Amino acid sequence: MDRSFLREFAHRRGRSELIFNSAENYPIFDISLIQLSLKGEKTVYEYLKGFFKSTDSNPIIICVTATSSQIEETREVALAVKKLRPSALRIIGGPHVSVMSSDFLMASEFQMACTGEGVETIAEIALDYIFSKDKNTAKKIHGIVFKDKDKKIYQNKERKYLFNLDEYPHPSKSLDKFINDPYDVSKNSKDIIYILGGFGCPFNCAFCAQKAIHKGKIRERSAGNIFSEIERLYLKGFRKFAIVQETFTGSKKRIDQFCSLIEEHSLDIEWTAESRIDQINYSQLVKMKKSGLKFIQIGLESGDQKLLDFICKKVKIDKAADLIKWLNELKINTAVYLLVGLPGQDWQSILRSALFFVDNLPYNTATMHASTSITIPYPGTKLFLDNNIRIIDSIKDKNTAKKDWQARKPEVSVNDHGEFVGDNFTETDVMTSREILESLIYLDDLCYSLLHARFDASIGVGKRLKFLEYSNKMTYMIERRTIRDLIIQARKPMTSKKKQESLREFNIMDKDRELHFKDITESFEENPRVFKDFLASISFINGFYIMKNLSVPNRIKWMRFCCILWDARSRRLDRFRFLKDNEAMGKYLNKCISEIDSEWLWQKLQNNDLNSIETDNKEYDYLEKFGIRFYVKDKEGIFNWDIKI
């Protein structure tokens, strides 16, 4: 749309056939935006047909941008455009095709894929399409993959950008393409304008495709350039801005300059940003708030340090706690992002995340939610390359380009039987697709309930207590799943197949009583914090064949008894091992536990009181009670059980 930019681009690109004496020699491109989310019940074909008819347009180029979860719908776009406007060049861009260009072009009716940033690439394509007389000029355009009439794929050189981001026209100069009246001052003060901060990220988190898309390069707009765009929009009445860049807080100098410019020019604005846990400190937050920061998004992903290390997040959980504490103190609204379905993430790990959130509830009066999502192994991520998250039930054929990439947050409902109903098509070695969906529901609802109980000023005491009760039920569900999971994972070696077999076996033994949320939480008692910490900390080296024979009530009693021993030993012993592991011992243990008075055990757990338990036999190296001999090996950090039949 900016002819001066087109002229400067042609000069820097050095393509003589595209260079003219003045900006007036360049065309005025008539650009229309089509928002497919507005199509309603219509098919893509019907919607596009109606658009072309109502606008009487005959486009020369149709460009589509899409993420992985939208990629299937783009195939419909290409098919529709081929039928409705066959002469239009069909181009696709976005993160998915930036990584899987060739495969996608082969499996679709698109003729060209734009990889990485598209500003200069699309500018060159548009000029080339009009002015170049050479029919083979597509081979000259860097940053694209294209398909010829014989469906042969060509991958051109990676584009070397000729401009830094400050030299581009401000993106908001095309605001009239997005809103009907950009000059309505009264309306503008309520609208949020998204401001590009930059591209790329220096980190290499296993779940993120930034490295693959931007090749590790970071391109940013300067503080002054971002401010000048905001200032221009401020004069039009806009007051709310969302800065779009995953690493906007990566440079302390740039953040300080940005905040100083807002203060120096006395702009009364509100702005939001994304940040990493390790990129900001308290003094920066003070300055950011003073300049108008109202909302910040933090990618925590998990409250489990071991898992954070595994996915290469390179942040410390105690630093996350510090940051949330500061944000609470300064009353800066905070959205925390969490992931479920990560490789190696089991129910114990989910419980650690839940407990972290309970202990470190972020200040959030704005949205009163945390964003919990299912991990998708997007093309270009380490997770995709390692293949340790599998996409199931959605593969149309063997071509990976034809996978249906699900949304990170599928729709979930509750049916008449009290079952959560929703679709998830991912699984890992330690979690089935159903378990991942359940963990999404429980963790997301826990966060939602706690935040509303704390920050929703529109509700009374009764509703607040109901939110708290529901959050306790969510935590309880995670605890129950953790108990079952600790037993299943005592089956060594654990594989995905064994996990699924064990779950089926448990469901049969339990007569499906553990499946339904309403059945488990109909009459529940909140466990003391020591028990939650116990479940989040310990492991069983073996004992699957013994513990699987415990009834549901006895599983809980057994874990409570183990918790008392664990806490009495200053929590140093966090591994449990049976000297023998067989079903006969399991049946005997089940009988022994049945004879333990639940109320008596509950009181011991509440009071952390092991010393008053009278033993049948006590020697220096073991404690004997209920027909079980408990050996203590402090140096190994292991409790050893010897069951006497």
# chains A, B, ... in the order shown; residues from 1 in each chain; ligands from 1
call {"tool": "residues_around", "arguments": {"residues": "Ser102 (chain A)", "least_positions_apart": "5", "cutoff": "10 Å", "atoms": "only C-alpha atoms", "output": "mmCIF file with N, CA, C and O atoms, in the first residue's frame"}}
result
data_model
loop_
_atom_site.group_PDB
_atom_site.id
_atom_site.type_symbol
_atom_site.label_atom_id
_atom_site.label_comp_id
_atom_site.auth_asym_id
_atom_site.auth_seq_id
_atom_site.Cartn_x
_atom_site.Cartn_y
_atom_site.Cartn_z
ATOM 1 N N VAL A 97 3.599 -23.773 7.279
ATOM 2 C CA VAL A 97 4.219 -23.964 5.960
ATOM 3 C C VAL A 97 5.638 -23.411 5.915
ATOM 4 O O VAL A 97 6.395 -23.749 4.999
ATOM 5 N N ALA A 107 0.435 -31.508 -1.275
ATOM 6 C CA ALA A 107 -0.851 -32.054 -0.832
ATOM 7 C C ALA A 107 -1.967 -31.017 -0.878
ATOM 8 O O ALA A 107 -3.015 -31.210 -0.262
ATOM 9 N N MET A 112 2.264 -21.582 -4.213
ATOM 10 C CA MET A 112 3.460 -20.973 -3.649
ATOM 11 C C MET A 112 3.331 -20.891 -2.129
ATOM 12 O O MET A 112 2.242 -20.687 -1.598
ATOM 13 N N ALA A 113 4.460 -21.080 -1.428
ATOM 14 C CA ALA A 113 4.499 -20.927 0.026
ATOM 15 C C ALA A 113 5.537 -19.879 0.378
ATOM 16 O O ALA A 113 6.669 -19.913 -0.132
ATOM 17 N N VAL A 145 8.812 -21.244 -1.610
ATOM 18 C CA VAL A 145 8.823 -22.574 -2.222
ATOM 19 C C VAL A 145 7.650 -22.563 -3.190
ATOM 20 O O VAL A 145 6.559 -22.094 -2.837
ATOM 21 N N PHE A 146 7.850 -23.024 -4.424
ATOM 22 C CA PHE A 146 6.743 -22.968 -5.384
ATOM 23 C C PHE A 146 6.640 -24.262 -6.181
ATOM 24 O O PHE A 146 7.555 -25.081 -6.226
ATOM 25 N N LYS A 147 5.493 -24.390 -6.829
ATOM 26 C CA LYS A 147 5.160 -25.603 -7.580
ATOM 27 C C LYS A 147 4.826 -25.207 -9.012
ATOM 28 O O LYS A 147 4.026 -24.294 -9.236
ATOM 29 N N LYS A 152 6.129 -30.039 -9.940
ATOM 30 C CA LYS A 152 7.490 -30.161 -9.454
ATOM 31 C C LYS A 152 7.744 -29.034 -8.459
ATOM 32 O O LYS A 152 7.381 -27.884 -8.694
ATOM 33 N N ILE A 153 8.364 -29.371 -7.327
ATOM 34 C CA ILE A 153 8.574 -28.407 -6.249
ATOM 35 C C ILE A 153 9.967 -27.789 -6.350
ATOM 36 O O ILE A 153 10.966 -28.485 -6.539
ATOM 37 N N TYR A 154 10.028 -26.459 -6.203
ATOM 38 C CA TYR A 154 11.298 -25.734 -6.191
ATOM 39 C C TYR A 154 11.417 -24.970 -4.872
ATOM 40 O O TYR A 154 10.494 -24.246 -4.482
ATOM 41 N N GLN A 155 12.543 -25.122 -4.218
ATOM 42 C CA GLN A 155 12.775 -24.399 -2.972
ATOM 43 C C GLN A 155 13.873 -23.377 -3.206
ATOM 44 O O GLN A 155 15.031 -23.720 -3.441
ATOM 45 N N ALA A 401 1.869 -34.360 5.921
ATOM 46 C CA ALA A 401 1.256 -33.076 5.605
ATOM 47 C C ALA A 401 -0.260 -33.129 5.727
ATOM 48 O O ALA A 401 -0.920 -32.116 5.739
#
call {"tool": "residues_around", "arguments": {"residues": "Pro202 (chain A)", "least_positions_apart": "2", "cutoff": "9 Å", "atoms": "only C-alpha atoms", "output": "MDAnalysis selection string"}}
result
chainID A and resid 200 204 210:211 216:218 247
call {"tool": "residues_around", "arguments": {"residues": "Tyr470 (chain A)", "least_positions_apart": "2", "cutoff": "12 Å", "atoms": "only C-alpha atoms", "output": "VMD selection string"}}
result
chain A and resid 442 to 453 463 to 468 472 to 477 517 to 518 521 to 522 524 526
call {"tool": "select_by_dssp", "arguments": {"residues": "region 455-620 of chain A", "states": "alpha helix (DSSP H)", "output": "count of residues only"}}
result
100
call {"tool": "residues_around", "arguments": {"residues": "region 333-350 of chain A", "least_positions_apart": "3", "cutoff": "7 Å", "atoms": "only C-alpha atoms", "output": "PyMOL selection string"}}
result
chain A and resi 294-302+304+307+353-354+362-366+369-375+388-389+428+430-431+436+439-440+478+481-482+485+535-536
call {"tool": "write_last_selection", "arguments": {"atoms": "N, CA and C atoms", "output": "compact mmCIF listing (two decimals), in the first residue's frame"}}
result
# COMPACT_ATOMS: atom_id res chain seq x y z
N LYS A 294 -0.74 -2.84 32.12
CA LYS A 294 -1.91 -3.31 32.85
C LYS A 294 -2.01 -4.83 32.91
N PHE A 295 -1.37 -5.49 31.95
CA PHE A 295 -1.56 -6.94 31.83
C PHE A 295 -0.30 -7.56 31.24
N ILE A 296 0.13 -8.67 31.82
CA ILE A 296 1.33 -9.34 31.32
C ILE A 296 1.06 -10.83 31.20
N GLN A 297 1.59 -11.44 30.17
CA GLN A 297 1.41 -12.86 29.93
C GLN A 297 2.73 -13.58 30.18
N ILE A 298 2.68 -14.61 31.03
CA ILE A 298 3.88 -15.33 31.44
C ILE A 298 3.77 -16.79 31.01
N GLY A 299 4.74 -17.27 30.26
CA GLY A 299 4.78 -18.68 29.88
C GLY A 299 5.48 -19.50 30.96
N LEU A 300 4.70 -20.07 31.87
CA LEU A 300 5.28 -20.92 32.90
C LEU A 300 5.40 -22.35 32.41
N GLU A 301 4.37 -22.85 31.72
CA GLU A 301 4.25 -24.20 31.15
C GLU A 301 4.00 -25.27 32.21
N SER A 302 4.76 -25.26 33.31
CA SER A 302 4.60 -26.30 34.33
C SER A 302 5.15 -25.82 35.67
N ASP A 304 6.55 -27.97 37.62
CA ASP A 304 7.44 -29.10 37.90
C ASP A 304 8.83 -28.78 37.34
N LEU A 307 10.38 -31.25 34.86
CA LEU A 307 9.79 -31.19 33.53
C LEU A 307 10.25 -29.95 32.77
N SER A 353 2.11 -28.91 39.36
CA SER A 353 1.65 -27.66 38.75
C SER A 353 0.46 -27.09 39.51
N ALA A 354 -0.46 -27.96 39.89
CA ALA A 354 -1.65 -27.52 40.64
C ALA A 354 -1.24 -26.89 41.97
N PRO A 362 -1.69 -15.94 40.80
CA PRO A 362 -1.34 -14.64 40.21
C PRO A 362 -2.48 -13.64 40.35
N TYR A 363 -2.12 -12.38 40.45
CA TYR A 363 -3.12 -11.31 40.47
C TYR A 363 -3.75 -11.23 39.08
N ASN A 364 -5.08 -11.37 39.03
CA ASN A 364 -5.74 -11.30 37.71
C ASN A 364 -7.20 -10.93 37.89
N THR A 365 -7.47 -9.65 37.90
CA THR A 365 -8.86 -9.17 37.94
C THR A 365 -9.39 -8.93 36.53
N ALA A 366 -8.52 -9.05 35.54
CA ALA A 366 -8.91 -8.73 34.16
C ALA A 366 -9.61 -9.90 33.47
N HIS A 369 -8.46 -16.01 34.63
CA HIS A 369 -8.22 -17.37 34.14
C HIS A 369 -6.73 -17.56 33.92
N ALA A 370 -6.33 -18.82 33.91
CA ALA A 370 -4.99 -19.18 33.44
C ALA A 370 -5.20 -19.92 32.12
N SER A 371 -4.29 -19.79 31.21
CA SER A 371 -4.46 -20.44 29.92
C SER A 371 -3.77 -21.80 29.92
N THR A 372 -4.56 -22.85 30.09
CA THR A 372 -4.03 -24.21 30.06
C THR A 372 -4.33 -24.81 28.69
N SER A 373 -3.32 -25.38 28.05
CA SER A 373 -3.48 -25.90 26.69
C SER A 373 -2.84 -27.28 26.57
N ILE A 374 -3.31 -28.02 25.58
CA ILE A 374 -2.70 -29.32 25.26
C ILE A 374 -1.47 -29.09 24.39
N THR A 375 -0.41 -29.77 24.70
CA THR A 375 0.83 -29.65 23.93
C THR A 375 0.67 -30.33 22.58
N ASN A 388 8.06 -37.87 20.60
CA ASN A 388 7.66 -38.40 21.90
C ASN A 388 6.27 -37.92 22.34
N ILE A 389 5.60 -37.20 21.44
CA ILE A 389 4.15 -36.98 21.56
C ILE A 389 3.54 -37.48 20.26
N THR A 428 1.18 -39.74 25.06
CA THR A 428 2.61 -39.89 25.35
C THR A 428 2.83 -41.28 25.94
N VAL A 430 3.47 -41.91 28.93
CA VAL A 430 2.98 -41.99 30.31
C VAL A 430 1.55 -41.50 30.48
N MET A 431 0.96 -40.93 29.43
CA MET A 431 -0.42 -40.48 29.52
C MET A 431 -1.19 -40.82 28.26
N ILE A 436 -4.81 -36.99 29.18
CA ILE A 436 -4.35 -35.64 28.84
C ILE A 436 -5.54 -34.69 28.81
N SER A 439 -6.54 -34.03 32.40
CA SER A 439 -5.60 -33.13 33.08
C SER A 439 -5.82 -31.69 32.64
N LEU A 440 -6.17 -31.49 31.36
CA LEU A 440 -6.50 -30.15 30.86
C LEU A 440 -7.70 -29.60 31.62
N ILE A 478 -7.17 -34.67 40.82
CA ILE A 478 -5.76 -34.83 40.43
C ILE A 478 -5.05 -35.75 41.42
N ARG A 481 -6.09 -39.35 40.70
CA ARG A 481 -5.41 -39.84 39.49
C ARG A 481 -3.93 -40.10 39.79
N THR A 482 -3.35 -39.27 40.65
CA THR A 482 -1.94 -39.45 41.00
C THR A 482 -1.73 -40.74 41.77
N ASP A 485 -1.86 -43.49 39.38
CA ASP A 485 -0.71 -43.44 38.49
C ASP A 485 0.57 -43.91 39.18
N LEU A 535 2.16 -36.98 47.82
CA LEU A 535 1.84 -37.53 46.49
C LEU A 535 2.68 -36.86 45.40
N ALA A 536 3.02 -35.60 45.61
CA ALA A 536 3.79 -34.86 44.59
C ALA A 536 5.28 -35.18 44.64
call {"tool": "atom_distance", "arguments": {"atom1": "CA of His516 (chain A)", "atom2": "CA of Asp416 (chain A)"}}
result
11.1 Å
call {"tool": "residues_around", "arguments": {"residues": "region 251-255 of chain A", "least_positions_apart": "3", "cutoff": "9 Å", "atoms": "only C-alpha atoms", "output": "ChimeraX atom specification"}}
result
/A:222-224,247-248,258-260,279-280,284,288
call {"tool": "write_last_selection", "arguments": {"atoms": "N, CA, C and O atoms", "output": "mmCIF file, in the first residue's frame"}}
result
data_model
loop_
_atom_site.group_PDB
_atom_site.id
_atom_site.type_symbol
_atom_site.label_atom_id
_atom_site.label_comp_id
_atom_site.auth_asym_id
_atom_site.auth_seq_id
_atom_site.Cartn_x
_atom_site.Cartn_y
_atom_site.Cartn_z
ATOM 1 N N SER A 222 12.726 -0.859 17.360
ATOM 2 C CA SER A 222 13.302 -0.100 18.470
ATOM 3 C C SER A 222 12.188 0.471 19.342
ATOM 4 O O SER A 222 11.029 0.575 18.926
ATOM 5 N N ALA A 223 12.559 0.858 20.555
ATOM 6 C CA ALA A 223 11.595 1.466 21.467
ATOM 7 C C ALA A 223 11.001 2.732 20.860
ATOM 8 O O ALA A 223 9.792 2.981 20.952
ATOM 9 N N GLY A 224 11.854 3.538 20.207
ATOM 10 C CA GLY A 224 11.385 4.784 19.604
ATOM 11 C C GLY A 224 10.405 4.549 18.485
ATOM 12 O O GLY A 224 9.420 5.285 18.335
ATOM 13 N N THR A 247 9.377 -12.089 23.072
ATOM 14 C CA THR A 247 10.551 -11.668 23.850
ATOM 15 C C THR A 247 10.632 -10.145 23.935
ATOM 16 O O THR A 247 11.713 -9.565 23.880
ATOM 17 N N PHE A 248 9.490 -9.487 24.079
ATOM 18 C CA PHE A 248 9.484 -8.020 24.153
ATOM 19 C C PHE A 248 10.310 -7.514 25.330
ATOM 20 O O PHE A 248 10.912 -6.443 25.273
ATOM 21 N N PHE A 258 11.417 2.542 26.216
ATOM 22 C CA PHE A 258 9.997 2.569 25.861
ATOM 23 C C PHE A 258 9.176 3.213 26.980
ATOM 24 O O PHE A 258 8.358 4.106 26.742
ATOM 25 N N CYS A 259 9.430 2.779 28.216
ATOM 26 C CA CYS A 259 8.688 3.317 29.358
ATOM 27 C C CYS A 259 8.990 4.805 29.562
ATOM 28 O O CYS A 259 8.081 5.601 29.862
ATOM 29 N N SER A 260 10.246 5.165 29.376
ATOM 30 C CA SER A 260 10.643 6.568 29.552
ATOM 31 C C SER A 260 9.957 7.468 28.528
ATOM 32 O O SER A 260 9.510 8.582 28.863
ATOM 33 N N GLN A 279 13.254 -12.611 32.507
ATOM 34 C CA GLN A 279 13.617 -11.412 31.745
ATOM 35 C C GLN A 279 13.365 -10.098 32.477
ATOM 36 O O GLN A 279 13.815 -9.050 32.023
ATOM 37 N N ILE A 280 12.635 -10.122 33.584
ATOM 38 C CA ILE A 280 12.312 -8.863 34.250
ATOM 39 C C ILE A 280 12.509 -8.983 35.761
ATOM 40 O O ILE A 280 12.359 -10.059 36.332
ATOM 41 N N GLN A 284 12.111 -3.085 37.205
ATOM 42 C CA GLN A 284 11.574 -2.914 35.854
ATOM 43 C C GLN A 284 10.053 -2.936 35.864
ATOM 44 O O GLN A 284 9.400 -2.152 35.171
ATOM 45 N N MET A 288 7.489 -0.256 34.401
ATOM 46 C CA MET A 288 6.518 -0.662 33.383
ATOM 47 C C MET A 288 5.096 -0.313 33.806
ATOM 48 O O MET A 288 4.296 0.170 33.004
#
call {"tool": "select_by_dssp", "arguments": {"residues": "region 266-393 of chain A", "states": "strand (DSSP E)", "output": "PDB file with N, CA and C atoms, in the first residue's frame"}}
result
ATOM      1  N   GLU A 270      -2.919   2.302  28.263  1.00  0.00           N
ATOM      2  CA  GLU A 270      -2.794   0.984  28.872  1.00  0.00           C
ATOM      3  C   GLU A 270      -2.147   0.057  27.846  1.00  0.00           C
ATOM      4  N   TRP A 271      -1.220  -0.766  28.299  1.00  0.00           N
ATOM      5  CA  TRP A 271      -0.597  -1.692  27.354  1.00  0.00           C
ATOM      6  C   TRP A 271      -0.337  -3.041  28.000  1.00  0.00           C
ATOM      7  N   THR A 272      -0.254  -4.054  27.156  1.00  0.00           N
ATOM      8  CA  THR A 272       0.017  -5.419  27.609  1.00  0.00           C
ATOM      9  C   THR A 272       1.248  -5.942  26.887  1.00  0.00           C
ATOM     10  N   ALA A 273       1.864  -6.961  27.473  1.00  0.00           N
ATOM     11  CA  ALA A 273       3.066  -7.544  26.867  1.00  0.00           C
ATOM     12  C   ALA A 273       3.203  -9.004  27.274  1.00  0.00           C
ATOM     13  N   GLU A 274       4.034  -9.717  26.532  1.00  0.00           N
ATOM     14  CA  GLU A 274       4.400 -11.084  26.871  1.00  0.00           C
ATOM     15  C   GLU A 274       5.810 -11.068  27.451  1.00  0.00           C
ATOM     16  N   SER A 275       6.092 -12.019  28.353  1.00  0.00           N
ATOM     17  CA  SER A 275       7.423 -12.026  28.956  1.00  0.00           C
ATOM     18  C   SER A 275       7.819 -13.428  29.386  1.00  0.00           C
ATOM     19  N   LEU A 293       1.572  -0.289  31.972  1.00  0.00           N
ATOM     20  CA  LEU A 293       1.414  -1.737  31.856  1.00  0.00           C
ATOM     21  C   LEU A 293       0.251  -2.202  32.738  1.00  0.00           C
ATOM     22  N   LYS A 294      -0.738  -2.845  32.118  1.00  0.00           N
ATOM     23  CA  LYS A 294      -1.912  -3.315  32.852  1.00  0.00           C
ATOM     24  C   LYS A 294      -2.006  -4.834  32.908  1.00  0.00           C
ATOM     25  N   PHE A 295      -1.374  -5.488  31.954  1.00  0.00           N
ATOM     26  CA  PHE A 295      -1.563  -6.936  31.832  1.00  0.00           C
ATOM     27  C   PHE A 295      -0.299  -7.557  31.244  1.00  0.00           C
ATOM     28  N   ILE A 296       0.133  -8.672  31.824  1.00  0.00           N
ATOM     29  CA  ILE A 296       1.331  -9.337  31.315  1.00  0.00           C
ATOM     30  C   ILE A 296       1.061 -10.830  31.202  1.00  0.00           C
ATOM     31  N   GLN A 297       1.590 -11.437  30.169  1.00  0.00           N
ATOM     32  CA  GLN A 297       1.411 -12.864  29.927  1.00  0.00           C
ATOM     33  C   GLN A 297       2.733 -13.578  30.184  1.00  0.00           C
ATOM     34  N   ILE A 298       2.676 -14.611  31.033  1.00  0.00           N
ATOM     35  CA  ILE A 298       3.877 -15.330  31.439  1.00  0.00           C
ATOM     36  C   ILE A 298       3.765 -16.791  31.010  1.00  0.00           C
ATOM     37  N   GLY A 299       4.741 -17.270  30.263  1.00  0.00           N
ATOM     38  CA  GLY A 299       4.778 -18.682  29.882  1.00  0.00           C
ATOM     39  C   GLY A 299       5.477 -19.500  30.956  1.00  0.00           C
ATOM     40  N   LEU A 300       4.698 -20.067  31.868  1.00  0.00           N
ATOM     41  CA  LEU A 300       5.275 -20.922  32.904  1.00  0.00           C
ATOM     42  C   LEU A 300       5.400 -22.353  32.411  1.00  0.00           C
ATOM     43  N   GLU A 301       4.370 -22.850  31.720  1.00  0.00           N
ATOM     44  CA  GLU A 301       4.245 -24.197  31.153  1.00  0.00           C
ATOM     45  C   GLU A 301       4.001 -25.269  32.207  1.00  0.00           C
ATOM     46  N   ASN A 333      -2.105  -7.235  36.391  1.00  0.00           N
ATOM     47  CA  ASN A 333      -2.848  -8.425  35.987  1.00  0.00           C
ATOM     48  C   ASN A 333      -1.941  -9.381  35.220  1.00  0.00           C
ATOM     49  N   THR A 334      -2.048 -10.652  35.561  1.00  0.00           N
ATOM     50  CA  THR A 334      -1.121 -11.651  35.026  1.00  0.00           C
ATOM     51  C   THR A 334      -1.862 -12.885  34.533  1.00  0.00           C
ATOM     52  N   ALA A 335      -1.598 -13.268  33.294  1.00  0.00           N
ATOM     53  CA  ALA A 335      -2.092 -14.539  32.761  1.00  0.00           C
ATOM     54  C   ALA A 335      -0.923 -15.515  32.715  1.00  0.00           C
ATOM     55  N   VAL A 336      -1.090 -16.652  33.362  1.00  0.00           N
ATOM     56  CA  VAL A 336      -0.053 -17.686  33.375  1.00  0.00           C
ATOM     57  C   VAL A 336      -0.427 -18.772  32.374  1.00  0.00           C
ATOM     58  N   TYR A 337       0.517 -19.153  31.539  1.00  0.00           N
ATOM     59  CA  TYR A 337       0.274 -20.184  30.523  1.00  0.00           C
ATOM     60  C   TYR A 337       0.832 -21.526  30.998  1.00  0.00           C
ATOM     61  N   LEU A 338      -0.003 -22.564  30.922  1.00  0.00           N
ATOM     62  CA  LEU A 338       0.377 -23.911  31.346  1.00  0.00           C
ATOM     63  C   LEU A 338       0.147 -24.890  30.210  1.00  0.00           C
ATOM     64  N   LEU A 339       0.932 -25.960  30.187  1.00  0.00           N
ATOM     65  CA  LEU A 339       0.790 -26.999  29.178  1.00  0.00           C
ATOM     66  C   LEU A 339       0.544 -28.351  29.833  1.00  0.00           C
ATOM     67  N   VAL A 340      -0.301 -29.156  29.210  1.00  0.00           N
ATOM     68  CA  VAL A 340      -0.481 -30.552  29.618  1.00  0.00           C
ATOM     69  C   VAL A 340      -0.170 -31.434  28.412  1.00  0.00           C
ATOM     70  N   SER A 371      -4.292 -19.793  31.212  1.00  0.00           N
ATOM     71  CA  SER A 371      -4.461 -20.436  29.915  1.00  0.00           C
ATOM     72  C   SER A 371      -3.769 -21.798  29.922  1.00  0.00           C
ATOM     73  N   THR A 372      -4.563 -22.854  30.089  1.00  0.00           N
ATOM     74  CA  THR A 372      -4.033 -24.213  30.057  1.00  0.00           C
ATOM     75  C   THR A 372      -4.325 -24.814  28.692  1.00  0.00           C
ATOM     76  N   SER A 373      -3.323 -25.377  28.049  1.00  0.00           N
ATOM     77  CA  SER A 373      -3.481 -25.899  26.693  1.00  0.00           C
ATOM     78  C   SER A 373      -2.837 -27.278  26.568  1.00  0.00           C
ATOM     79  N   ILE A 374      -3.306 -28.025  25.584  1.00  0.00           N
ATOM     80  CA  ILE A 374      -2.703 -29.318  25.260  1.00  0.00           C
ATOM     81  C   ILE A 374      -1.474 -29.089  24.392  1.00  0.00           C
ATOM     82  N   ARG A 390       2.601 -38.383  20.356  1.00  0.00           N
ATOM     83  CA  ARG A 390       2.021 -38.980  19.156  1.00  0.00           C
ATOM     84  C   ARG A 390       0.631 -38.406  18.883  1.00  0.00           C
ATOM     85  N   ILE A 391       0.379 -38.097  17.619  1.00  0.00           N
ATOM     86  CA  ILE A 391      -0.962 -37.682  17.202  1.00  0.00           C
ATOM     87  C   ILE A 391      -1.683 -38.931  16.715  1.00  0.00           C
TER      88      ILE A 391
END
call {"tool": "atom_distance", "arguments": {"atom1": "CA of Tyr588 (chain A)", "atom2": "CA of Ile645 (chain A)"}}
result
6.7 Å
call {"tool": "residues_around", "arguments": {"residues": "region 261-265 of chain A", "least_positions_apart": "6", "cutoff": "9 Å", "atoms": "only C-alpha atoms", "output": "ChimeraX atom specification"}}
result
/A:223-224,227,231,290-292
call {"tool": "residues_around", "arguments": {"residues": "Phe639 (chain A)", "least_positions_apart": "6", "cutoff": "8 Å", "atoms": "only C-alpha atoms", "output": "ChimeraX atom specification"}}
result
/A:573-577,630-633
call {"tool": "write_last_selection", "arguments": {"atoms": "N, CA, C and O atoms", "output": "JSON list (two decimals), in the first residue's frame"}}
result
[["chain", "number", "residue", "atom", "x", "y", "z"],
["A", 573, "LEU", "N", 13.06, -39.84, 53.04],
["A", 573, "LEU", "CA", 12.87, -41.10, 52.32],
["A", 573, "LEU", "C", 11.70, -40.93, 51.35],
["A", 573, "LEU", "O", 10.55, -40.86, 51.75],
["A", 574, "ASP", "N", 12.01, -40.82, 50.05],
["A", 574, "ASP", "CA", 10.96, -40.54, 49.08],
["A", 574, "ASP", "C", 10.76, -41.66, 48.07],
["A", 574, "ASP", "O", 10.03, -41.50, 47.09],
["A", 575, "ARG", "N", 11.42, -42.80, 48.31],
["A", 575, "ARG", "CA", 11.21, -43.97, 47.44],
["A", 575, "ARG", "C", 10.80, -45.16, 48.31],
["A", 575, "ARG", "O", 11.29, -45.34, 49.42],
["A", 576, "PHE", "N", 9.89, -45.95, 47.77],
["A", 576, "PHE", "CA", 9.34, -47.09, 48.50],
["A", 576, "PHE", "C", 9.54, -48.36, 47.67],
["A", 576, "PHE", "O", 9.31, -48.36, 46.46],
["A", 577, "ARG", "N", 9.96, -49.42, 48.36],
["A", 577, "ARG", "CA", 10.25, -50.67, 47.64],
["A", 577, "ARG", "C", 9.74, -51.86, 48.46],
["A", 577, "ARG", "O", 9.93, -51.92, 49.68],
["A", 630, "PHE", "N", 8.61, -52.50, 58.19],
["A", 630, "PHE", "CA", 9.12, -51.35, 57.46],
["A", 630, "PHE", "C", 10.60, -51.17, 57.77],
["A", 630, "PHE", "O", 10.96, -50.77, 58.87],
["A", 631, "TYR", "N", 11.45, -51.49, 56.80],
["A", 631, "TYR", "CA", 12.89, -51.27, 56.97],
["A", 631, "TYR", "C", 13.21, -49.83, 56.59],
["A", 631, "TYR", "O", 12.65, -49.27, 55.66],
["A", 632, "VAL", "N", 14.14, -49.25, 57.30],
["A", 632, "VAL", "CA", 14.52, -47.87, 57.02],
["A", 632, "VAL", "C", 15.98, -47.83, 56.60],
["A", 632, "VAL", "O", 16.85, -48.28, 57.33],
["A", 633, "LYS", "N", 16.23, -47.30, 55.42],
["A", 633, "LYS", "CA", 17.60, -47.18, 54.93],
["A", 633, "LYS", "C", 17.81, -45.72, 54.53],
["A", 633, "LYS", "O", 17.60, -45.34, 53.39]]
call {"tool": "atom_distance", "arguments": {"atom1": "CA of Val530 (chain A)", "atom2": "CA of Leu565 (chain A)"}}
result
11.5 Å
call {"tool": "closest_residue", "arguments": {"among": "A:Thr426, A:Ser4, A:Asn640, A:Asn549", "to": "Pro27 (chain A)", "atoms": "only C-alpha atoms"}}
result
A:Ser4
call {"tool": "closest_residue", "arguments": {"among": "A:Glu419, A:Glu595, A:Ile520, A:Ala212", "to": "Lys382 (chain A)", "atoms": "only C-alpha atoms"}}
result
A:Ala212
call {"tool": "closest_residue", "arguments": {"among": "A:His170, A:Lys190, A:His142, A:Lys319", "to": "Met1 (chain A)", "atoms": "only C-alpha atoms"}}
result
A:His170
